[in-house]
Amino acid sequence: MLDYFIGVTWVFYAVSTLTFLVFLVLGSSVMKYNIFLKAYTSPGNAENKIAITFDDGPHLFTESILGVLREYKAKASFFLIGKSIEENPEIVRRIVDEGHTVGNHSYSHHKLFPLFSKKDIAYEIEKTNELIKNSTGKNINYFRPPYGVTNPAIAAAVKATQMKAIGWSLRSFDTMSTSPEKVIKKVIAQLKPGSVVLLHDNREKTPQILEAILLYAKEKNYECVTIDEIFKFD
């Protein structure tokens with residue numbers, strides 16, 4: 001009846017629905033848009049600094065990555081999964097002892113994590129914070145949502161637990177490519193001062209990728225620092 005009086009057609013509804021769905025998808029999957037929560041993805045003025053970050057550890061491959069970082073005198077940030085911390089607490093301690101930053105990447109990293117309730121998300125954040133505290137003695141407030149997905153429930157849980165949401169500006173797609181060379185080429189082509197790079201330390205090829213990135217960074221006189229430094233957190 002309303003359509004009859006104001007001349008609104010099905011095309012209007014279709015376009016409106018599609019626009020809303022696009023808004024939801026972009027808001028959920030692209031953290032830099034800050035639609036649901038404020039996320040730190042790229043610093044303003046980073047001079048010659050870059051930040052390399054790792055998700056999904058700690059893992060046995062993390063130790064090789066730490067060796068590469070030590071060799072190049074580079075610092076990095078590791079977003080850790082709670083259940084993996086329980087399996088590798090000594091690696092968490094080594095990360096911190098060697099001057100790197102650790103953050104929270106949920107307890108389960110469950111594939112349905114974005115569909116969890118605020119209460120369950122907050123529980124995972126708090127449980128992982130406690131595991132990091134028990135392993136390192138440090139209280140942390142950096143959280144990277146699994147898959148980089150945000151939504152109102154995740155935003156509410158982040159606020160309730162007083163965490164800072166940390167994203168990235170340069171995604172390597174190292175979990176999707178079987179070729180380390182392709183990943184290296186992609187990252188190097190886009191690397192610039194202020195880049196916050198996303199890698200994963202549970203992949204066998206990551207030490208090779210990391211070393212190539214650090215070699216290139218050295219040629220460009222880029223300093224590899226933690227998220228604390230690049231975002232100038234107090």
# chains A, B, ... in the order shown; residues from 1 in each chain; ligands from 1
>>> residues_around(residues="Gln208 in chain A", least_positions_apart="3", cutoff="10 Å", atoms="only C-alpha atoms", output="PyMOL selection string")
chain A and resi 64-65+68+180-181+184+204-205+211-213
>>> residues_around(residues="range 157-161 of chain A", least_positions_apart="2", cutoff="9 Å", atoms="only C-alpha atoms", output="ChimeraX atom specification")
/A:37,117-123,125-126,141,143,152-155,163-165
>>> write_last_selection(atoms="all heavy atoms", output="tab-separated table (two decimals), in the first residue's frame")
chain	number	residue	atom	x	y	z
A	37	LEU	N	34.30	-0.08	16.16
A	37	LEU	CA	35.18	0.28	17.26
A	37	LEU	C	36.42	0.96	16.70
A	37	LEU	O	36.74	0.82	15.53
A	37	LEU	CB	35.58	-0.94	18.09
A	37	LEU	CG	36.69	-1.86	17.59
A	37	LEU	CD1	37.02	-2.89	18.66
A	37	LEU	CD2	36.39	-2.54	16.29
A	117	SER	N	28.75	-14.29	21.79
A	117	SER	CA	28.12	-13.20	22.53
A	117	SER	C	29.19	-12.31	23.15
A	117	SER	O	30.36	-12.70	23.28
A	117	SER	CB	27.23	-13.76	23.64
A	117	SER	OG	28.04	-14.39	24.63
A	118	LYS	N	28.77	-11.12	23.55
A	118	LYS	CA	29.70	-10.21	24.25
A	118	LYS	C	30.31	-10.89	25.47
A	118	LYS	O	31.51	-10.78	25.72
A	118	LYS	CB	28.96	-8.95	24.67
A	118	LYS	CG	29.78	-8.04	25.59
A	118	LYS	CD	28.92	-7.01	26.30
A	118	LYS	CE	29.69	-6.31	27.41
A	118	LYS	NZ	28.86	-5.34	28.15
A	119	LYS	N	29.49	-11.60	26.23
A	119	LYS	CA	29.96	-12.27	27.44
A	119	LYS	C	31.04	-13.30	27.12
A	119	LYS	O	32.07	-13.37	27.80
A	119	LYS	CB	28.78	-12.94	28.14
A	119	LYS	CG	29.16	-13.67	29.42
A	119	LYS	CD	27.93	-14.30	30.07
A	119	LYS	CE	28.31	-15.08	31.34
A	119	LYS	NZ	27.10	-15.72	31.95
A	120	ASP	N	30.82	-14.11	26.09
A	120	ASP	CA	31.79	-15.15	25.74
A	120	ASP	C	33.08	-14.55	25.18
A	120	ASP	O	34.17	-15.06	25.44
A	120	ASP	CB	31.18	-16.12	24.74
A	120	ASP	CG	30.11	-17.01	25.36
A	120	ASP	OD1	30.09	-17.15	26.59
A	120	ASP	OD2	29.27	-17.55	24.61
A	121	ILE	N	32.95	-13.49	24.40
A	121	ILE	CA	34.14	-12.83	23.87
A	121	ILE	C	34.97	-12.23	25.00
A	121	ILE	O	36.20	-12.39	25.04
A	121	ILE	CB	33.73	-11.74	22.84
A	121	ILE	CG1	33.08	-12.38	21.61
A	121	ILE	CG2	34.95	-10.91	22.43
A	121	ILE	CD1	32.38	-11.40	20.71
A	122	ALA	N	34.29	-11.55	25.91
A	122	ALA	CA	34.99	-10.95	27.05
A	122	ALA	C	35.68	-12.02	27.88
A	122	ALA	O	36.80	-11.82	28.36
A	122	ALA	CB	34.02	-10.14	27.90
A	123	TYR	N	35.01	-13.17	28.05
A	123	TYR	CA	35.61	-14.26	28.82
A	123	TYR	C	36.90	-14.73	28.15
A	123	TYR	O	37.91	-14.96	28.82
A	123	TYR	CB	34.63	-15.42	28.93
A	123	TYR	CG	35.24	-16.68	29.53
A	123	TYR	CD1	35.47	-16.78	30.90
A	123	TYR	CD2	35.62	-17.74	28.71
A	123	TYR	CE1	36.05	-17.92	31.44
A	123	TYR	CE2	36.21	-18.88	29.24
A	123	TYR	CZ	36.42	-18.96	30.61
A	123	TYR	OH	37.00	-20.09	31.13
A	125	ILE	N	38.87	-13.03	26.16
A	125	ILE	CA	39.88	-11.98	26.31
A	125	ILE	C	40.49	-12.04	27.71
A	125	ILE	O	41.73	-12.02	27.87
A	125	ILE	CB	39.27	-10.60	26.04
A	125	ILE	CG1	38.89	-10.46	24.55
A	125	ILE	CG2	40.25	-9.49	26.44
A	125	ILE	CD1	38.13	-9.18	24.24
A	126	GLU	N	39.65	-12.10	28.71
A	126	GLU	CA	40.14	-12.10	30.10
A	126	GLU	C	40.96	-13.35	30.41
A	126	GLU	O	41.97	-13.27	31.11
A	126	GLU	CB	38.95	-11.97	31.05
A	126	GLU	CG	38.30	-10.59	30.99
A	126	GLU	CD	36.97	-10.53	31.72
A	126	GLU	OE1	36.42	-11.62	32.04
A	126	GLU	OE2	36.49	-9.41	31.98
A	141	ASN	N	47.06	-4.89	27.27
A	141	ASN	CA	45.73	-4.42	26.86
A	141	ASN	C	45.62	-4.27	25.34
A	141	ASN	O	44.88	-3.43	24.83
A	141	ASN	CB	45.39	-3.10	27.55
A	141	ASN	CG	46.28	-1.96	27.12
A	141	ASN	OD1	47.37	-2.17	26.59
A	141	ASN	ND2	45.84	-0.73	27.34
A	143	PHE	N	44.53	-6.13	21.85
A	143	PHE	CA	43.71	-7.22	21.36
A	143	PHE	C	43.55	-7.14	19.85
A	143	PHE	O	43.21	-6.08	19.32
A	143	PHE	CB	42.33	-7.19	22.01
A	143	PHE	CG	41.38	-8.25	21.50
A	143	PHE	CD1	41.62	-9.60	21.75
A	143	PHE	CD2	40.24	-7.89	20.79
A	143	PHE	CE1	40.74	-10.57	21.27
A	143	PHE	CE2	39.36	-8.86	20.33
A	143	PHE	CZ	39.61	-10.19	20.56
A	152	PRO	N	29.33	-5.37	16.65
A	152	PRO	CA	28.92	-4.75	17.91
A	152	PRO	C	29.27	-5.57	19.16
A	152	PRO	O	29.65	-5.00	20.18
A	152	PRO	CB	27.41	-4.60	17.74
A	152	PRO	CG	27.21	-4.43	16.27
A	152	PRO	CD	28.23	-5.35	15.65
A	153	ALA	N	29.14	-6.90	19.09
A	153	ALA	CA	29.46	-7.73	20.26
A	153	ALA	C	30.95	-7.66	20.59
A	153	ALA	O	31.34	-7.55	21.76
A	153	ALA	CB	29.03	-9.17	20.02
A	154	ILE	N	31.80	-7.74	19.57
A	154	ILE	CA	33.24	-7.65	19.79
A	154	ILE	C	33.60	-6.26	20.31
A	154	ILE	O	34.41	-6.12	21.23
A	154	ILE	CB	34.00	-7.98	18.49
A	154	ILE	CG1	33.84	-9.47	18.14
A	154	ILE	CG2	35.48	-7.62	18.61
A	154	ILE	CD1	34.42	-9.87	16.80
A	155	ALA	N	33.00	-5.24	19.73
A	155	ALA	CA	33.27	-3.87	20.18
A	155	ALA	C	32.89	-3.70	21.65
A	155	ALA	O	33.63	-3.08	22.43
A	155	ALA	CB	32.50	-2.88	19.31
A	163	MET	N	40.44	-2.95	26.42
A	163	MET	CA	41.52	-3.31	25.51
A	163	MET	C	41.63	-2.29	24.37
A	163	MET	O	40.67	-1.57	24.08
A	163	MET	CB	41.27	-4.70	24.92
A	163	MET	CG	41.12	-5.80	25.95
A	163	MET	SD	42.63	-6.14	26.88
A	163	MET	CE	43.52	-7.17	25.69
A	164	LYS	N	42.79	-2.25	23.75
A	164	LYS	CA	42.99	-1.49	22.51
A	164	LYS	C	42.94	-2.49	21.35
A	164	LYS	O	43.64	-3.51	21.37
A	164	LYS	CB	44.35	-0.79	22.51
A	164	LYS	CG	44.46	0.40	23.45
A	164	LYS	CD	45.83	1.06	23.28
A	164	LYS	CE	45.92	2.37	24.06
A	164	LYS	NZ	46.01	2.14	25.51
A	165	ALA	N	42.12	-2.21	20.35
A	165	ALA	CA	42.03	-3.08	19.18
A	165	ALA	C	43.14	-2.72	18.19
A	165	ALA	O	43.25	-1.56	17.78
A	165	ALA	CB	40.67	-2.95	18.52
>>> residues_around(residues="Ile230 in chain A", least_positions_apart="3", cutoff="12 Å", atoms="only C-alpha atoms", output="count of residues only")
32
>>> closest_residue(among="A:Asp201, A:Glu124, A:Glu98, A:Glu86", to="His59 in chain A", atoms="only C-alpha atoms")
A:Asp201
>>> atom_distance(atom1="CA of Gly137 in chain A", atom2="CA of Thr62 in chain A")
20.0 Å
>>> residues_around(residues="Thr128 in chain A", least_positions_apart="5", cutoff="8 Å", atoms="only C-alpha atoms", output="list in words")
Ile81, Gly82, Asn104, His105, Ser106 and Tyr107 of chain A
>>> closest_residue(among="A:Ala74, A:Leu112, A:Ile35, A:Leu60", to="Pro89 in chain A", atoms="only C-alpha atoms")
A:Leu60
>>> residues_around(residues="Asn139 in chain A", least_positions_apart="6", cutoff="8 Å", atoms="only C-alpha atoms", output="list in words")
Asn129, Ile132 and Lys133 of chain A
>>> select_by_dssp(residues="range 124-208 of chain A", states="alpha helix (DSSP H)", output="PyMOL selection string")
chain A and resi 124-136+152-160+180-190+206-208
>>> write_last_selection(atoms="N, CA and C atoms", output="mmCIF file, in the first residue's frame")
data_model
loop_
_atom_site.group_PDB
_atom_site.id
_atom_site.type_symbol
_atom_site.label_atom_id
_atom_site.label_comp_id
_atom_site.auth_asym_id
_atom_site.auth_seq_id
_atom_site.Cartn_x
_atom_site.Cartn_y
_atom_site.Cartn_z
ATOM 1 N N GLU A 124 36.886 -14.874 26.828
ATOM 2 C CA GLU A 124 38.090 -15.323 26.117
ATOM 3 C C GLU A 124 39.217 -14.306 26.245
ATOM 4 N N ILE A 125 38.872 -13.029 26.157
ATOM 5 C CA ILE A 125 39.884 -11.985 26.310
ATOM 6 C C ILE A 125 40.495 -12.036 27.712
ATOM 7 N N GLU A 126 39.653 -12.099 28.713
ATOM 8 C CA GLU A 126 40.140 -12.102 30.097
ATOM 9 C C GLU A 126 40.955 -13.346 30.412
ATOM 10 N N LYS A 127 40.529 -14.495 29.897
ATOM 11 C CA LYS A 127 41.263 -15.737 30.151
ATOM 12 C C LYS A 127 42.653 -15.686 29.523
ATOM 13 N N THR A 128 42.734 -15.168 28.313
ATOM 14 C CA THR A 128 44.031 -15.073 27.641
ATOM 15 C C THR A 128 44.919 -14.044 28.316
ATOM 16 N N ASN A 129 44.341 -12.928 28.752
ATOM 17 C CA ASN A 129 45.126 -11.942 29.512
ATOM 18 C C ASN A 129 45.732 -12.575 30.761
ATOM 19 N N GLU A 130 44.950 -13.400 31.421
ATOM 20 C CA GLU A 130 45.432 -14.060 32.634
ATOM 21 C C GLU A 130 46.580 -15.019 32.317
ATOM 22 N N LEU A 131 46.465 -15.751 31.217
ATOM 23 C CA LEU A 131 47.536 -16.676 30.819
ATOM 24 C C LEU A 131 48.816 -15.923 30.490
ATOM 25 N N ILE A 132 48.687 -14.781 29.815
ATOM 26 C CA ILE A 132 49.865 -13.967 29.508
ATOM 27 C C ILE A 132 50.487 -13.437 30.791
ATOM 28 N N LYS A 133 49.647 -12.999 31.722
ATOM 29 C CA LYS A 133 50.128 -12.499 33.011
ATOM 30 C C LYS A 133 50.872 -13.598 33.770
ATOM 31 N N ASN A 134 50.308 -14.796 33.770
ATOM 32 C CA ASN A 134 50.939 -15.904 34.496
ATOM 33 C C ASN A 134 52.273 -16.304 33.869
ATOM 34 N N SER A 135 52.382 -16.171 32.549
ATOM 35 C CA SER A 135 53.611 -16.577 31.855
ATOM 36 C C SER A 135 54.700 -15.521 31.916
ATOM 37 N N THR A 136 54.303 -14.242 31.890
ATOM 38 C CA THR A 136 55.280 -13.176 31.735
ATOM 39 C C THR A 136 55.304 -12.167 32.883
ATOM 40 N N PRO A 152 29.327 -5.372 16.647
ATOM 41 C CA PRO A 152 28.923 -4.753 17.911
ATOM 42 C C PRO A 152 29.268 -5.570 19.157
ATOM 43 N N ALA A 153 29.145 -6.901 19.091
ATOM 44 C CA ALA A 153 29.461 -7.727 20.262
ATOM 45 C C ALA A 153 30.951 -7.664 20.592
ATOM 46 N N ILE A 154 31.797 -7.744 19.566
ATOM 47 C CA ILE A 154 33.240 -7.653 19.786
ATOM 48 C C ILE A 154 33.601 -6.265 20.308
ATOM 49 N N ALA A 155 33.004 -5.239 19.731
ATOM 50 C CA ALA A 155 33.267 -3.870 20.184
ATOM 51 C C ALA A 155 32.891 -3.700 21.653
ATOM 52 N N ALA A 156 31.750 -4.241 22.041
ATOM 53 C CA ALA A 156 31.302 -4.120 23.435
ATOM 54 C C ALA A 156 32.235 -4.863 24.380
ATOM 55 N N ALA A 157 32.719 -6.038 23.961
ATOM 56 C CA ALA A 157 33.626 -6.820 24.797
ATOM 57 C C ALA A 157 34.981 -6.128 24.928
ATOM 58 N N VAL A 158 35.461 -5.548 23.841
ATOM 59 C CA VAL A 158 36.730 -4.808 23.877
ATOM 60 C C VAL A 158 36.620 -3.625 24.844
ATOM 61 N N LYS A 159 35.504 -2.923 24.783
ATOM 62 C CA LYS A 159 35.301 -1.792 25.693
ATOM 63 C C LYS A 159 35.197 -2.254 27.141
ATOM 64 N N ALA A 160 34.454 -3.336 27.370
ATOM 65 C CA ALA A 160 34.256 -3.833 28.730
ATOM 66 C C ALA A 160 35.555 -4.300 29.364
ATOM 67 N N PRO A 180 56.412 -18.719 -0.795
ATOM 68 C CA PRO A 180 57.048 -17.654 0.002
ATOM 69 C C PRO A 180 57.500 -16.487 -0.859
ATOM 70 N N GLU A 181 57.963 -16.778 -2.061
ATOM 71 C CA GLU A 181 58.442 -15.726 -2.960
ATOM 72 C C GLU A 181 57.341 -14.733 -3.312
ATOM 73 N N LYS A 182 56.128 -15.244 -3.539
ATOM 74 C CA LYS A 182 55.006 -14.359 -3.861
ATOM 75 C C LYS A 182 54.651 -13.480 -2.677
ATOM 76 N N VAL A 183 54.688 -14.064 -1.490
ATOM 77 C CA VAL A 183 54.388 -13.285 -0.287
ATOM 78 C C VAL A 183 55.437 -12.193 -0.095
ATOM 79 N N ILE A 184 56.699 -12.559 -0.230
ATOM 80 C CA ILE A 184 57.791 -11.591 -0.077
ATOM 81 C C ILE A 184 57.637 -10.452 -1.085
ATOM 82 N N LYS A 185 57.372 -10.799 -2.327
ATOM 83 C CA LYS A 185 57.223 -9.792 -3.383
ATOM 84 C C LYS A 185 56.081 -8.837 -3.067
ATOM 85 N N LYS A 186 54.978 -9.378 -2.593
ATOM 86 C CA LYS A 186 53.812 -8.555 -2.268
ATOM 87 C C LYS A 186 54.125 -7.578 -1.138
ATOM 88 N N VAL A 187 54.740 -8.089 -0.069
ATOM 89 C CA VAL A 187 55.022 -7.230 1.085
ATOM 90 C C VAL A 187 56.023 -6.151 0.722
ATOM 91 N N ILE A 188 57.100 -6.532 0.059
ATOM 92 C CA ILE A 188 58.143 -5.561 -0.289
ATOM 93 C C ILE A 188 57.605 -4.474 -1.211
ATOM 94 N N ALA A 189 56.713 -4.850 -2.122
ATOM 95 C CA ALA A 189 56.151 -3.864 -3.052
ATOM 96 C C ALA A 189 55.334 -2.795 -2.331
ATOM 97 N N GLN A 190 54.758 -3.139 -1.183
ATOM 98 C CA GLN A 190 53.877 -2.209 -0.470
ATOM 99 C C GLN A 190 54.502 -1.621 0.796
ATOM 100 N N THR A 206 57.371 -18.886 7.377
ATOM 101 C CA THR A 206 57.437 -17.519 7.881
ATOM 102 C C THR A 206 58.850 -17.037 8.177
ATOM 103 N N PRO A 207 59.747 -17.843 8.767
ATOM 104 C CA PRO A 207 61.108 -17.337 8.983
ATOM 105 C C PRO A 207 61.785 -16.885 7.690
ATOM 106 N N GLN A 208 61.573 -17.627 6.600
ATOM 107 C CA GLN A 208 62.148 -17.249 5.309
ATOM 108 C C GLN A 208 61.571 -15.925 4.819
#
>>> select_by_dssp(residues="range 27-201 of chain A", states="strand (DSSP E or B)", output="MDAnalysis selection string")
chainID A and resid 39:40 49:57 77:80 101:104 142:143 164:166 170:171 196:200
>>> write_last_selection(atoms="N, CA, C and O atoms", output="compact mmCIF listing (two decimals), in the first residue's frame")
# COMPACT_ATOMS: atom_id res chain seq x y z
N ALA A 39 40.09 1.18 15.94
CA ALA A 39 41.17 0.21 15.79
C ALA A 39 42.43 0.94 15.31
O ALA A 39 42.36 1.85 14.48
N TYR A 40 43.56 0.54 15.87
CA TYR A 40 44.84 1.11 15.46
C TYR A 40 45.39 0.27 14.30
O TYR A 40 45.74 -0.90 14.48
N LYS A 49 60.00 4.12 10.57
CA LYS A 49 59.68 2.91 11.34
C LYS A 49 58.61 2.06 10.66
O LYS A 49 57.70 2.58 10.02
N ILE A 50 58.74 0.75 10.83
CA ILE A 50 57.71 -0.20 10.44
C ILE A 50 57.47 -1.14 11.62
O ILE A 50 58.31 -1.24 12.52
N ALA A 51 56.33 -1.80 11.63
CA ALA A 51 56.03 -2.77 12.70
C ALA A 51 55.61 -4.08 12.04
O ALA A 51 54.70 -4.10 11.21
N ILE A 52 56.29 -5.16 12.41
CA ILE A 52 55.92 -6.48 11.94
C ILE A 52 55.19 -7.19 13.07
O ILE A 52 55.68 -7.25 14.20
N THR A 53 54.01 -7.70 12.76
CA THR A 53 53.19 -8.37 13.78
C THR A 53 52.91 -9.80 13.34
O THR A 53 52.83 -10.09 12.15
N PHE A 54 52.75 -10.66 14.34
CA PHE A 54 52.50 -12.08 14.09
C PHE A 54 51.23 -12.51 14.82
O PHE A 54 51.03 -12.17 15.98
N ASP A 55 50.41 -13.28 14.14
CA ASP A 55 49.20 -13.84 14.73
C ASP A 55 49.32 -15.35 14.89
O ASP A 55 50.11 -16.00 14.20
N ASP A 56 48.48 -15.87 15.79
CA ASP A 56 48.19 -17.31 15.90
C ASP A 56 49.23 -18.14 16.63
O ASP A 56 49.16 -19.37 16.61
N GLY A 57 50.22 -17.52 17.26
CA GLY A 57 51.17 -18.28 18.06
C GLY A 57 50.71 -18.32 19.52
O GLY A 57 49.57 -17.96 19.83
N SER A 77 55.84 -7.71 17.30
CA SER A 77 54.70 -7.88 18.22
C SER A 77 53.99 -9.18 17.88
O SER A 77 53.75 -9.48 16.70
N PHE A 78 53.64 -9.94 18.92
CA PHE A 78 53.04 -11.26 18.75
C PHE A 78 51.67 -11.29 19.41
O PHE A 78 51.54 -11.06 20.62
N PHE A 79 50.64 -11.58 18.62
CA PHE A 79 49.28 -11.71 19.14
C PHE A 79 48.99 -13.19 19.34
O PHE A 79 48.95 -13.97 18.39
N LEU A 80 48.81 -13.55 20.61
CA LEU A 80 48.85 -14.95 21.03
C LEU A 80 47.46 -15.52 21.31
O LEU A 80 46.59 -14.84 21.85
N THR A 101 56.81 -7.35 22.01
CA THR A 101 55.52 -7.08 22.63
C THR A 101 54.56 -8.24 22.38
O THR A 101 54.59 -8.85 21.31
N VAL A 102 53.74 -8.53 23.38
CA VAL A 102 52.72 -9.56 23.20
C VAL A 102 51.33 -8.94 23.31
O VAL A 102 51.13 -7.96 24.04
N GLY A 103 50.40 -9.53 22.57
CA GLY A 103 49.01 -9.09 22.62
C GLY A 103 48.10 -10.30 22.66
O GLY A 103 48.53 -11.45 22.56
N ASN A 104 46.83 -10.03 22.78
CA ASN A 104 45.79 -11.03 22.97
C ASN A 104 45.10 -11.30 21.63
O ASN A 104 44.68 -10.37 20.94
N TYR A 142 46.37 -5.10 24.61
CA TYR A 142 46.29 -5.10 23.16
C TYR A 142 45.53 -6.33 22.69
O TYR A 142 45.87 -7.46 23.07
N PHE A 143 44.53 -6.13 21.85
CA PHE A 143 43.71 -7.22 21.36
C PHE A 143 43.55 -7.14 19.85
O PHE A 143 43.21 -6.08 19.32
N LYS A 164 42.79 -2.25 23.75
CA LYS A 164 42.99 -1.49 22.51
C LYS A 164 42.94 -2.49 21.35
O LYS A 164 43.64 -3.51 21.37
N ALA A 165 42.12 -2.21 20.35
CA ALA A 165 42.03 -3.08 19.18
C ALA A 165 43.14 -2.72 18.19
O ALA A 165 43.25 -1.56 17.78
N ILE A 166 43.93 -3.72 17.83
CA ILE A 166 45.08 -3.49 16.95
C ILE A 166 44.87 -4.23 15.63
O ILE A 166 44.64 -5.44 15.61
N LEU A 170 49.14 -3.61 6.24
CA LEU A 170 49.69 -4.39 5.13
C LEU A 170 49.50 -5.88 5.43
O LEU A 170 50.19 -6.43 6.28
N ARG A 171 48.57 -6.48 4.74
CA ARG A 171 48.29 -7.91 4.93
C ARG A 171 49.11 -8.71 3.93
O ARG A 171 49.06 -8.45 2.73
N VAL A 196 52.23 -1.47 9.10
CA VAL A 196 52.02 -2.47 10.15
C VAL A 196 51.70 -3.77 9.42
O VAL A 196 50.62 -3.92 8.85
N VAL A 197 52.66 -4.68 9.42
CA VAL A 197 52.60 -5.88 8.58
C VAL A 197 52.00 -7.04 9.36
O VAL A 197 52.36 -7.28 10.51
N LEU A 198 51.12 -7.77 8.71
CA LEU A 198 50.54 -8.97 9.30
C LEU A 198 51.17 -10.23 8.73
O LEU A 198 51.11 -10.48 7.53
N LEU A 199 51.81 -11.01 9.62
CA LEU A 199 52.33 -12.34 9.28
C LEU A 199 51.78 -13.33 10.30
O LEU A 199 51.11 -12.93 11.27
N HIS A 200 52.08 -14.60 10.11
CA HIS A 200 51.62 -15.64 11.04
C HIS A 200 52.81 -16.50 11.45
O HIS A 200 53.54 -16.99 10.58
>>> residues_around(residues="range 113-115 of chain A", least_positions_apart="3", cutoff="7 Å", atoms="only C-alpha atoms", output="VMD selection string")
chain A and resid 109 to 110 149
>>> write_last_selection(atoms="C-alpha atoms", output="JSON list (two decimals), in the first residue's frame")
[["chain", "number", "residue", "atom", "x", "y", "z"],
["A", 109, "HIS", "CA", 40.45, -18.49, 17.78],
["A", 110, "HIS", "CA", 37.28, -20.42, 16.96],
["A", 149, "VAL", "CA", 36.55, -9.21, 12.18]]
>>> atom_distance(atom1="CA of Asn151 in chain A", atom2="CA of Phe173 in chain A")
22.2 Å
